[in-house]
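File shown here: upload25.cif, holding mmCIF, N, CA, C and O atoms.
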```cif
data_data
#
loop_
_atom_site.label_atom_id
_atom_site.label_comp_id
_atom_site.auth_asym_id
_atom_site.auth_seq_id
_atom_site.Cartn_x
_atom_site.Cartn_y
_atom_site.Cartn_z
N MET U 13 -76.81 34.17 178.43
CA MET U 13 -78.18 34.59 178.47
C MET U 13 -78.69 34.35 179.90
O MET U 13 -78.49 33.29 180.46
N ARG U 14 -79.35 35.32 180.47
CA ARG U 14 -79.93 35.20 181.81
C ARG U 14 -81.44 35.03 181.65
O ARG U 14 -82.08 35.80 180.96
N LEU U 15 -81.99 34.00 182.30
CA LEU U 15 -83.41 33.68 182.17
C LEU U 15 -84.09 33.68 183.53
O LEU U 15 -83.45 33.44 184.55
N VAL U 16 -85.38 33.87 183.53
CA VAL U 16 -86.19 33.76 184.73
C VAL U 16 -86.76 32.36 184.80
O VAL U 16 -87.32 31.86 183.82
N THR U 17 -86.58 31.71 185.94
CA THR U 17 -87.06 30.35 186.15
C THR U 17 -88.31 30.37 187.02
O THR U 17 -88.35 31.06 188.03
N THR U 18 -89.32 29.61 186.62
CA THR U 18 -90.52 29.45 187.43
C THR U 18 -90.84 27.97 187.52
O THR U 18 -90.28 27.15 186.79
N ASP U 19 -91.75 27.62 188.41
CA ASP U 19 -92.19 26.22 188.57
C ASP U 19 -91.01 25.26 188.70
O ASP U 19 -90.95 24.23 188.03
N LEU U 20 -90.09 25.60 189.57
CA LEU U 20 -88.90 24.79 189.79
C LEU U 20 -89.25 23.54 190.58
O LEU U 20 -89.97 23.60 191.57
N SER U 21 -88.74 22.40 190.13
CA SER U 21 -88.93 21.13 190.84
C SER U 21 -87.65 20.32 190.71
O SER U 21 -86.71 20.73 190.05
N ARG U 22 -87.63 19.14 191.33
CA ARG U 22 -86.45 18.27 191.23
C ARG U 22 -86.25 17.76 189.81
O ARG U 22 -85.15 17.41 189.42
N GLY U 23 -87.31 17.74 189.02
CA GLY U 23 -87.22 17.20 187.67
C GLY U 23 -86.98 18.22 186.59
O GLY U 23 -86.63 17.88 185.47
N GLY U 24 -87.17 19.51 186.92
CA GLY U 24 -87.00 20.52 185.90
C GLY U 24 -87.59 21.85 186.31
O GLY U 24 -87.81 22.11 187.49
N CYS U 25 -87.88 22.67 185.32
CA CYS U 25 -88.43 24.00 185.59
C CYS U 25 -89.06 24.54 184.32
O CYS U 25 -89.06 23.89 183.28
N TYR U 26 -89.59 25.72 184.43
CA TYR U 26 -90.13 26.45 183.29
C TYR U 26 -89.30 27.71 183.16
O TYR U 26 -89.01 28.37 184.16
N ILE U 27 -88.88 28.03 181.95
CA ILE U 27 -88.13 29.26 181.75
C ILE U 27 -88.93 30.21 180.86
O ILE U 27 -89.57 29.78 179.90
N LYS U 28 -88.92 31.47 181.24
CA LYS U 28 -89.59 32.50 180.44
C LYS U 28 -88.58 33.07 179.46
O LYS U 28 -87.54 33.58 179.86
N VAL U 29 -88.87 32.93 178.19
CA VAL U 29 -88.00 33.46 177.14
C VAL U 29 -88.85 34.03 176.02
O VAL U 29 -89.96 33.59 175.79
N THR U 30 -88.32 35.02 175.32
CA THR U 30 -89.05 35.57 174.18
C THR U 30 -88.78 34.76 172.92
O THR U 30 -89.65 34.62 172.08
N ASP U 31 -87.57 34.23 172.79
CA ASP U 31 -87.23 33.37 171.65
C ASP U 31 -87.14 31.94 172.18
O ASP U 31 -86.15 31.55 172.77
N GLN U 32 -88.21 31.18 171.97
CA GLN U 32 -88.29 29.84 172.52
C GLN U 32 -87.29 28.88 171.89
O GLN U 32 -86.88 29.05 170.75
N LEU U 33 -86.94 27.88 172.67
CA LEU U 33 -86.04 26.84 172.20
C LEU U 33 -86.83 25.76 171.48
O LEU U 33 -87.96 25.45 171.86
N PRO U 34 -86.25 25.16 170.44
CA PRO U 34 -86.95 24.07 169.76
C PRO U 34 -87.11 22.87 170.69
O PRO U 34 -86.29 22.64 171.59
N LEU U 35 -88.14 22.10 170.47
CA LEU U 35 -88.40 20.88 171.23
C LEU U 35 -87.22 19.93 171.11
O LEU U 35 -86.72 19.68 170.02
N GLY U 36 -86.73 19.42 172.24
CA GLY U 36 -85.66 18.44 172.25
C GLY U 36 -84.25 18.97 172.23
O GLY U 36 -83.30 18.20 172.20
N VAL U 37 -84.08 20.30 172.24
CA VAL U 37 -82.72 20.85 172.21
C VAL U 37 -82.02 20.56 173.54
O VAL U 37 -82.63 20.61 174.59
N HIS U 38 -80.75 20.18 173.47
CA HIS U 38 -79.93 19.90 174.66
C HIS U 38 -79.04 21.10 174.94
O HIS U 38 -78.38 21.58 174.04
N VAL U 39 -79.01 21.52 176.18
CA VAL U 39 -78.22 22.68 176.58
C VAL U 39 -77.59 22.42 177.94
O VAL U 39 -78.18 21.75 178.78
N LYS U 40 -76.41 22.93 178.16
CA LYS U 40 -75.80 22.89 179.48
C LYS U 40 -75.95 24.29 180.07
O LYS U 40 -75.60 25.27 179.42
N THR U 41 -76.44 24.37 181.27
CA THR U 41 -76.74 25.66 181.88
C THR U 41 -76.28 25.72 183.32
O THR U 41 -75.81 24.74 183.87
N THR U 42 -76.43 26.87 183.92
CA THR U 42 -76.07 27.07 185.32
C THR U 42 -77.31 27.50 186.09
O THR U 42 -77.98 28.46 185.70
N LEU U 43 -77.59 26.81 187.15
CA LEU U 43 -78.68 27.15 188.06
C LEU U 43 -78.04 27.65 189.34
O LEU U 43 -77.20 26.98 189.92
N TRP U 44 -78.43 28.84 189.78
CA TRP U 44 -77.86 29.42 191.00
C TRP U 44 -78.71 29.00 192.19
O TRP U 44 -79.90 29.29 192.25
N LEU U 45 -78.10 28.29 193.15
CA LEU U 45 -78.77 27.85 194.38
C LEU U 45 -77.92 28.27 195.56
O LEU U 45 -76.72 28.01 195.59
N GLU U 46 -78.54 28.89 196.53
CA GLU U 46 -77.83 29.34 197.73
C GLU U 46 -76.58 30.15 197.36
O GLU U 46 -75.51 29.96 197.91
N ARG U 47 -76.74 31.01 196.38
CA ARG U 47 -75.68 31.92 195.91
C ARG U 47 -74.49 31.21 195.27
O ARG U 47 -73.41 31.78 195.13
N LEU U 48 -74.65 29.96 194.89
CA LEU U 48 -73.57 29.22 194.24
C LEU U 48 -74.06 28.69 192.90
O LEU U 48 -75.19 28.23 192.78
N PRO U 49 -73.19 28.71 191.88
CA PRO U 49 -73.59 28.20 190.57
C PRO U 49 -73.42 26.68 190.48
O PRO U 49 -72.43 26.13 190.94
N TYR U 50 -74.40 26.02 189.88
CA TYR U 50 -74.32 24.59 189.62
C TYR U 50 -74.67 24.35 188.16
O TYR U 50 -75.71 24.79 187.69
N CYS U 51 -73.78 23.66 187.48
CA CYS U 51 -73.98 23.37 186.06
C CYS U 51 -74.66 22.01 185.91
O CYS U 51 -74.39 21.09 186.66
N HIS U 52 -75.55 21.93 184.94
CA HIS U 52 -76.17 20.65 184.62
C HIS U 52 -76.73 20.70 183.20
O HIS U 52 -77.12 21.75 182.72
N PRO U 53 -76.76 19.56 182.55
CA PRO U 53 -77.38 19.50 181.23
C PRO U 53 -78.89 19.38 181.35
O PRO U 53 -79.40 18.81 182.31
N TRP U 54 -79.60 19.93 180.40
CA TRP U 54 -81.04 19.80 180.39
C TRP U 54 -81.53 19.76 178.96
O TRP U 54 -80.80 20.01 178.03
N ILE U 55 -82.82 19.45 178.81
CA ILE U 55 -83.42 19.34 177.49
C ILE U 55 -84.76 20.06 177.49
O ILE U 55 -85.50 20.03 178.48
N SER U 56 -85.05 20.76 176.40
CA SER U 56 -86.36 21.38 176.24
C SER U 56 -87.37 20.27 176.00
O SER U 56 -87.24 19.49 175.07
N CYS U 57 -88.38 20.17 176.88
CA CYS U 57 -89.23 18.98 176.82
C CYS U 57 -90.69 19.27 176.48
O CYS U 57 -91.51 18.36 176.53
N ASN U 58 -91.05 20.50 176.19
CA ASN U 58 -92.40 20.72 175.70
C ASN U 58 -92.36 21.69 174.54
O ASN U 58 -91.44 22.48 174.42
N PRO U 59 -93.36 21.62 173.68
CA PRO U 59 -93.36 22.55 172.56
C PRO U 59 -93.43 23.99 173.07
O PRO U 59 -94.13 24.26 174.05
N PRO U 60 -92.69 24.89 172.46
CA PRO U 60 -92.73 26.28 172.90
C PRO U 60 -94.10 26.90 172.69
O PRO U 60 -94.81 26.54 171.77
N SER U 61 -94.46 27.80 173.59
CA SER U 61 -95.71 28.55 173.48
C SER U 61 -95.37 29.97 173.05
O SER U 61 -94.41 30.54 173.55
N PRO U 62 -96.15 30.55 172.16
CA PRO U 62 -95.86 31.92 171.70
C PRO U 62 -95.82 32.90 172.88
O PRO U 62 -96.66 32.86 173.75
N ASN U 63 -94.79 33.76 172.88
CA ASN U 63 -94.63 34.80 173.91
C ASN U 63 -94.63 34.24 175.33
O ASN U 63 -95.15 34.84 176.25
N SER U 64 -94.08 33.08 175.50
CA SER U 64 -94.16 32.44 176.80
C SER U 64 -92.81 31.88 177.22
O SER U 64 -92.01 32.57 177.82
N GLY U 65 -92.54 30.63 176.93
CA GLY U 65 -91.30 30.03 177.36
C GLY U 65 -91.25 28.55 177.03
O GLY U 65 -91.96 28.07 176.16
N ASN U 66 -90.42 27.84 177.79
CA ASN U 66 -90.22 26.41 177.57
C ASN U 66 -90.22 25.66 178.89
O ASN U 66 -89.69 26.14 179.89
N GLY U 67 -90.78 24.46 178.87
CA GLY U 67 -90.60 23.52 179.96
C GLY U 67 -89.25 22.85 179.79
O GLY U 67 -88.86 22.51 178.67
N ILE U 68 -88.54 22.68 180.88
CA ILE U 68 -87.18 22.15 180.85
C ILE U 68 -87.10 20.94 181.76
O ILE U 68 -87.58 20.98 182.89
N MET U 69 -86.48 19.87 181.29
CA MET U 69 -86.26 18.68 182.12
C MET U 69 -84.77 18.57 182.41
O MET U 69 -83.95 18.60 181.49
N PHE U 70 -84.42 18.47 183.70
CA PHE U 70 -83.02 18.27 184.08
C PHE U 70 -82.62 16.84 183.74
O PHE U 70 -83.32 15.90 184.09
N LEU U 71 -81.49 16.67 183.07
CA LEU U 71 -81.00 15.35 182.71
C LEU U 71 -80.02 14.82 183.73
O LEU U 71 -79.91 13.61 183.93
N ASP U 72 -79.26 15.70 184.36
CA ASP U 72 -78.22 15.29 185.29
C ASP U 72 -77.86 16.50 186.14
O ASP U 72 -78.19 17.63 185.79
N PHE U 73 -77.20 16.26 187.26
CA PHE U 73 -76.74 17.34 188.13
C PHE U 73 -75.24 17.18 188.33
O PHE U 73 -74.73 16.08 188.41
N GLU U 74 -74.56 18.30 188.43
CA GLU U 74 -73.12 18.29 188.66
C GLU U 74 -72.80 19.07 189.92
O GLU U 74 -73.56 19.95 190.33
N GLY U 75 -71.69 18.77 190.54
CA GLY U 75 -71.19 19.57 191.65
C GLY U 75 -72.05 19.57 192.89
O GLY U 75 -72.08 20.55 193.61
N GLY U 76 -72.77 18.50 193.16
CA GLY U 76 -73.58 18.45 194.38
C GLY U 76 -74.84 19.26 194.33
O GLY U 76 -75.41 19.60 195.38
N ALA U 77 -75.32 19.60 193.15
CA ALA U 77 -76.51 20.46 193.03
C ALA U 77 -77.80 19.77 193.45
O ALA U 77 -78.69 20.42 193.98
N GLU U 78 -77.91 18.46 193.25
CA GLU U 78 -79.18 17.79 193.52
C GLU U 78 -79.60 17.87 194.99
O GLU U 78 -80.73 18.25 195.28
N PRO U 79 -78.72 17.54 195.96
CA PRO U 79 -79.16 17.68 197.35
C PRO U 79 -79.41 19.13 197.76
O PRO U 79 -80.29 19.40 198.59
N ILE U 80 -78.70 20.07 197.17
CA ILE U 80 -78.93 21.48 197.49
C ILE U 80 -80.28 21.92 196.93
O ILE U 80 -81.05 22.61 197.60
N LEU U 81 -80.61 21.48 195.73
CA LEU U 81 -81.92 21.78 195.15
C LEU U 81 -83.02 21.16 196.00
O LEU U 81 -84.03 21.80 196.28
N THR U 82 -82.83 19.93 196.45
CA THR U 82 -83.82 19.27 197.30
C THR U 82 -84.03 20.04 198.60
O THR U 82 -85.17 20.29 199.01
N ARG U 83 -82.95 20.45 199.25
CA ARG U 83 -83.06 21.24 200.49
C ARG U 83 -83.78 22.57 200.24
O ARG U 83 -84.62 23.00 201.03
N TYR U 84 -83.43 23.23 199.15
CA TYR U 84 -84.05 24.49 198.80
C TYR U 84 -85.56 24.32 198.60
O TYR U 84 -86.35 25.07 199.16
N LEU U 85 -85.94 23.33 197.82
CA LEU U 85 -87.36 23.09 197.57
C LEU U 85 -88.11 22.70 198.85
O LEU U 85 -89.22 23.16 199.10
N ASP U 86 -87.49 21.84 199.68
CA ASP U 86 -88.11 21.46 200.95
C ASP U 86 -88.32 22.68 201.84
O ASP U 86 -89.35 22.80 202.51
N ALA U 87 -87.35 23.58 201.84
CA ALA U 87 -87.44 24.78 202.69
C ALA U 87 -88.56 25.71 202.23
O ALA U 87 -89.29 26.25 203.07
N ILE U 88 -88.72 25.91 200.92
CA ILE U 88 -89.76 26.82 200.49
C ILE U 88 -91.14 26.21 200.60
O ILE U 88 -92.12 26.92 200.78
N VAL U 89 -91.23 24.89 200.54
CA VAL U 89 -92.53 24.22 200.73
C VAL U 89 -92.94 24.28 202.20
O VAL U 89 -94.11 24.44 202.52
N SER U 90 -91.96 24.22 203.10
CA SER U 90 -92.23 24.23 204.54
C SER U 90 -92.70 25.60 205.01
O SER U 90 -93.38 25.71 206.02
N ASN U 91 -92.33 26.66 204.30
CA ASN U 91 -92.68 28.03 204.73
C ASN U 91 -94.04 28.39 204.30
O ASN U 91 -94.74 28.49 203.63
#
```

Please rewrite the model in this file as structure tokens.
Amino acid sequence: MRLVTTDLSRGGCYIKVTDQLPLGVHVKTTLWLERLPYCHPWISCNPPSPNSGNGIMFLDFEGGAEPILTRYLDAIVSN
């Protein structure tokens, strides 16, 4: 499933989905940063909103994704 991510931060993001995930569901996903895939587990951390999406909290990072995410966020904040 391909999702649109908004409100990306070091702690998580918001995903826009039509079929929301239940509160507390654990999923392993891939976040694409600098054209490279990084897998990490996350958890749905807020109640779903109708026709909206879910807040997502990152639980862990794999494959060096955390420093790349930090650099990416620092770069877009600087611009």

So how many Å separate atom CA of Leu71 of chain U and atom CA of Arg14 of chain U, to one decimal?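 Pair atom CA of Leu71 of chain U / atom CA of Arg14 of chain U returns 19.9 Å.
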
For this structure, which residues satisfy the selection - the PyMOL selection byres ((chain U and resi 16) around 6) - when it is evaluated on the file as given? I want them as number ranges by chain. U: 14-15, 17-18, 26-29

Rank U:Ile80, U:Val89, U:Met69, U:Cys57 by their smallest atom-to-atom distance to Gly36 of chain U, using only C-alpha atoms, and report the top residue only.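 Residue with the minimum atom-to-atom distance to Gly36 of chain U: U:Cys57.
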
May I ask for the distance between atom N of Pro79 of chain U and atom CA of Ser64 of chain U, given in Å to one decimal place? 28.8 Å

Among U:Ile68, U:Ala77, U:Leu48, U:Ala87, Leu20 of chain U is approached most closely, using only C-alpha atoms, by U:Ile68

Correct to one decimal, the distance atom O of Pro49 of chain U-atom CA of Thr30 of chain U is 25.4 Å

Output as a PyMOL selection string all residues of segment 42-89 of chain U that backbone DSSP marks as strand (DSSP E). chain U and resi 42-45+48-56+65-70

May I have the residues from that selection written out with N, CA, C and O atoms, as a PDB file, keeping the file's coordinate frame?
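Result file is out.pdb:
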```
ATOM      1  N   THR U  42     -76.430  26.870 183.920  1.00  0.00           N
ATOM      2  CA  THR U  42     -76.070  27.070 185.320  1.00  0.00           C
ATOM      3  C   THR U  42     -77.310  27.500 186.090  1.00  0.00           C
ATOM      4  O   THR U  42     -77.980  28.460 185.700  1.00  0.00           O
ATOM      5  N   LEU U  43     -77.590  26.810 187.150  1.00  0.00           N
ATOM      6  CA  LEU U  43     -78.680  27.150 188.060  1.00  0.00           C
ATOM      7  C   LEU U  43     -78.040  27.650 189.340  1.00  0.00           C
ATOM      8  O   LEU U  43     -77.200  26.980 189.920  1.00  0.00           O
ATOM      9  N   TRP U  44     -78.430  28.840 189.780  1.00  0.00           N
ATOM     10  CA  TRP U  44     -77.860  29.420 191.000  1.00  0.00           C
ATOM     11  C   TRP U  44     -78.710  29.000 192.190  1.00  0.00           C
ATOM     12  O   TRP U  44     -79.900  29.290 192.250  1.00  0.00           O
ATOM     13  N   LEU U  45     -78.100  28.290 193.150  1.00  0.00           N
ATOM     14  CA  LEU U  45     -78.770  27.850 194.380  1.00  0.00           C
ATOM     15  C   LEU U  45     -77.920  28.270 195.560  1.00  0.00           C
ATOM     16  O   LEU U  45     -76.720  28.010 195.590  1.00  0.00           O
ATOM     17  N   LEU U  48     -74.650  29.960 194.890  1.00  0.00           N
ATOM     18  CA  LEU U  48     -73.570  29.220 194.240  1.00  0.00           C
ATOM     19  C   LEU U  48     -74.060  28.690 192.900  1.00  0.00           C
ATOM     20  O   LEU U  48     -75.190  28.230 192.780  1.00  0.00           O
ATOM     21  N   PRO U  49     -73.190  28.710 191.880  1.00  0.00           N
ATOM     22  CA  PRO U  49     -73.590  28.200 190.570  1.00  0.00           C
ATOM     23  C   PRO U  49     -73.420  26.680 190.480  1.00  0.00           C
ATOM     24  O   PRO U  49     -72.430  26.130 190.940  1.00  0.00           O
ATOM     25  N   TYR U  50     -74.400  26.020 189.880  1.00  0.00           N
ATOM     26  CA  TYR U  50     -74.320  24.590 189.620  1.00  0.00           C
ATOM     27  C   TYR U  50     -74.670  24.350 188.160  1.00  0.00           C
ATOM     28  O   TYR U  50     -75.710  24.790 187.690  1.00  0.00           O
ATOM     29  N   CYS U  51     -73.780  23.660 187.480  1.00  0.00           N
ATOM     30  CA  CYS U  51     -73.980  23.370 186.060  1.00  0.00           C
ATOM     31  C   CYS U  51     -74.660  22.010 185.910  1.00  0.00           C
ATOM     32  O   CYS U  51     -74.390  21.090 186.660  1.00  0.00           O
ATOM     33  N   HIS U  52     -75.550  21.930 184.940  1.00  0.00           N
ATOM     34  CA  HIS U  52     -76.170  20.650 184.620  1.00  0.00           C
ATOM     35  C   HIS U  52     -76.730  20.700 183.200  1.00  0.00           C
ATOM     36  O   HIS U  52     -77.120  21.750 182.720  1.00  0.00           O
ATOM     37  N   PRO U  53     -76.760  19.560 182.550  1.00  0.00           N
ATOM     38  CA  PRO U  53     -77.380  19.500 181.230  1.00  0.00           C
ATOM     39  C   PRO U  53     -78.890  19.380 181.350  1.00  0.00           C
ATOM     40  O   PRO U  53     -79.400  18.810 182.310  1.00  0.00           O
ATOM     41  N   TRP U  54     -79.600  19.930 180.400  1.00  0.00           N
ATOM     42  CA  TRP U  54     -81.040  19.800 180.390  1.00  0.00           C
ATOM     43  C   TRP U  54     -81.530  19.760 178.960  1.00  0.00           C
ATOM     44  O   TRP U  54     -80.800  20.010 178.030  1.00  0.00           O
ATOM     45  N   ILE U  55     -82.820  19.450 178.810  1.00  0.00           N
ATOM     46  CA  ILE U  55     -83.420  19.340 177.490  1.00  0.00           C
ATOM     47  C   ILE U  55     -84.760  20.060 177.490  1.00  0.00           C
ATOM     48  O   ILE U  55     -85.500  20.030 178.480  1.00  0.00           O
ATOM     49  N   SER U  56     -85.050  20.760 176.400  1.00  0.00           N
ATOM     50  CA  SER U  56     -86.360  21.380 176.240  1.00  0.00           C
ATOM     51  C   SER U  56     -87.370  20.270 176.000  1.00  0.00           C
ATOM     52  O   SER U  56     -87.240  19.490 175.070  1.00  0.00           O
ATOM     53  N   GLY U  65     -92.540  30.630 176.930  1.00  0.00           N
ATOM     54  CA  GLY U  65     -91.300  30.030 177.360  1.00  0.00           C
ATOM     55  C   GLY U  65     -91.250  28.550 177.030  1.00  0.00           C
ATOM     56  O   GLY U  65     -91.960  28.070 176.160  1.00  0.00           O
ATOM     57  N   ASN U  66     -90.420  27.840 177.790  1.00  0.00           N
ATOM     58  CA  ASN U  66     -90.220  26.410 177.570  1.00  0.00           C
ATOM     59  C   ASN U  66     -90.220  25.660 178.890  1.00  0.00           C
ATOM     60  O   ASN U  66     -89.690  26.140 179.890  1.00  0.00           O
ATOM     61  N   GLY U  67     -90.780  24.460 178.870  1.00  0.00           N
ATOM     62  CA  GLY U  67     -90.600  23.520 179.960  1.00  0.00           C
ATOM     63  C   GLY U  67     -89.250  22.850 179.790  1.00  0.00           C
ATOM     64  O   GLY U  67     -88.860  22.510 178.670  1.00  0.00           O
ATOM     65  N   ILE U  68     -88.540  22.680 180.880  1.00  0.00           N
ATOM     66  CA  ILE U  68     -87.180  22.150 180.850  1.00  0.00           C
ATOM     67  C   ILE U  68     -87.100  20.940 181.760  1.00  0.00           C
ATOM     68  O   ILE U  68     -87.580  20.980 182.890  1.00  0.00           O
ATOM     69  N   MET U  69     -86.480  19.870 181.290  1.00  0.00           N
ATOM     70  CA  MET U  69     -86.260  18.680 182.120  1.00  0.00           C
ATOM     71  C   MET U  69     -84.770  18.570 182.410  1.00  0.00           C
ATOM     72  O   MET U  69     -83.950  18.600 181.490  1.00  0.00           O
ATOM     73  N   PHE U  70     -84.420  18.470 183.700  1.00  0.00           N
ATOM     74  CA  PHE U  70     -83.020  18.270 184.080  1.00  0.00           C
ATOM     75  C   PHE U  70     -82.620  16.840 183.740  1.00  0.00           C
ATOM     76  O   PHE U  70     -83.320  15.900 184.090  1.00  0.00           O
TER      77      PHE U  70
END
```

Taking 6 positions as the minimum chain separation for residues in the same chain, which residues sit within 12 Å of segment 73-75 of chain U when counting only C-alpha atoms? Answer as number ranges by chain. U: 22-24, 40-45, 48-54, 81-82

With distances taken over all atoms listed in the file, which residue among U:Asp19, U:Leu85, U:Ser56, U:Gly65 lies nearest Pro34 of chain U? U:Ser56

Could you give me segment 26-34 of chain U completed to all heavy atoms, formatted as a CSV table (one decimal), keeping the file's coordinate frame?
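Written output follows (out06.csv):
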```
chain,number,residue,atom,x,y,z
U,26,TYR,N,-89.6,25.7,184.4
U,26,TYR,CA,-90.1,26.4,183.3
U,26,TYR,C,-89.3,27.7,183.2
U,26,TYR,O,-89.0,28.4,184.2
U,26,TYR,CB,-91.6,26.8,183.5
U,26,TYR,CG,-92.3,27.4,182.3
U,26,TYR,CD1,-92.8,26.6,181.3
U,26,TYR,CD2,-92.4,28.8,182.2
U,26,TYR,CE1,-93.4,27.1,180.2
U,26,TYR,CE2,-93.0,29.3,181.1
U,26,TYR,CZ,-93.5,28.5,180.1
U,26,TYR,OH,-94.1,29.0,179.0
U,27,ILE,N,-88.9,28.0,182.0
U,27,ILE,CA,-88.1,29.3,181.8
U,27,ILE,C,-88.9,30.2,180.9
U,27,ILE,O,-89.6,29.8,179.9
U,27,ILE,CB,-86.7,29.0,181.1
U,27,ILE,CG1,-86.8,28.3,179.8
U,27,ILE,CG2,-85.8,28.3,182.1
U,27,ILE,CD1,-85.5,28.2,179.1
U,28,LYS,N,-88.9,31.5,181.2
U,28,LYS,CA,-89.6,32.5,180.4
U,28,LYS,C,-88.6,33.1,179.5
U,28,LYS,O,-87.5,33.6,179.9
U,28,LYS,CB,-90.1,33.6,181.3
U,28,LYS,CG,-91.2,33.1,182.3
U,28,LYS,CD,-91.7,34.3,183.1
U,28,LYS,CE,-92.9,33.8,184.0
U,28,LYS,NZ,-93.4,34.9,184.8
U,29,VAL,N,-88.9,32.9,178.2
U,29,VAL,CA,-88.0,33.5,177.1
U,29,VAL,C,-88.8,34.0,176.0
U,29,VAL,O,-90.0,33.6,175.8
U,29,VAL,CB,-87.0,32.4,176.6
U,29,VAL,CG1,-86.1,31.9,177.6
U,29,VAL,CG2,-87.8,31.2,176.0
U,30,THR,N,-88.3,35.0,175.3
U,30,THR,CA,-89.0,35.6,174.2
U,30,THR,C,-88.8,34.8,172.9
U,30,THR,O,-89.6,34.6,172.1
U,30,THR,CB,-88.7,37.0,174.0
U,30,THR,OG1,-87.3,37.2,173.9
U,30,THR,CG2,-89.2,37.9,175.1
U,31,ASP,N,-87.6,34.2,172.8
U,31,ASP,CA,-87.2,33.4,171.6
U,31,ASP,C,-87.1,31.9,172.2
U,31,ASP,O,-86.2,31.6,172.8
U,31,ASP,CB,-85.9,33.8,171.0
U,31,ASP,CG,-86.0,35.1,170.4
U,31,ASP,OD1,-87.0,35.5,169.8
U,31,ASP,OD2,-85.0,35.9,170.5
U,32,GLN,N,-88.2,31.2,172.0
U,32,GLN,CA,-88.3,29.8,172.5
U,32,GLN,C,-87.3,28.9,171.9
U,32,GLN,O,-86.9,29.0,170.8
U,32,GLN,CB,-89.7,29.3,172.4
U,32,GLN,CG,-90.7,29.9,173.3
U,32,GLN,CD,-91.2,31.2,172.7
U,32,GLN,OE1,-91.2,31.5,171.5
U,32,GLN,NE2,-91.8,32.0,173.6
U,33,LEU,N,-86.9,27.9,172.7
U,33,LEU,CA,-86.0,26.8,172.2
U,33,LEU,C,-86.8,25.8,171.5
U,33,LEU,O,-88.0,25.4,171.9
U,33,LEU,CB,-85.3,26.2,173.4
U,33,LEU,CG,-84.5,27.2,174.2
U,33,LEU,CD1,-84.1,26.5,175.5
U,33,LEU,CD2,-83.3,27.6,173.4
U,34,PRO,N,-86.2,25.2,170.4
U,34,PRO,CA,-87.0,24.1,169.8
U,34,PRO,C,-87.1,22.9,170.7
U,34,PRO,O,-86.3,22.6,171.6
U,34,PRO,CB,-86.0,23.7,168.6
U,34,PRO,CG,-85.0,24.8,168.5
U,34,PRO,CD,-85.0,25.5,169.8
```
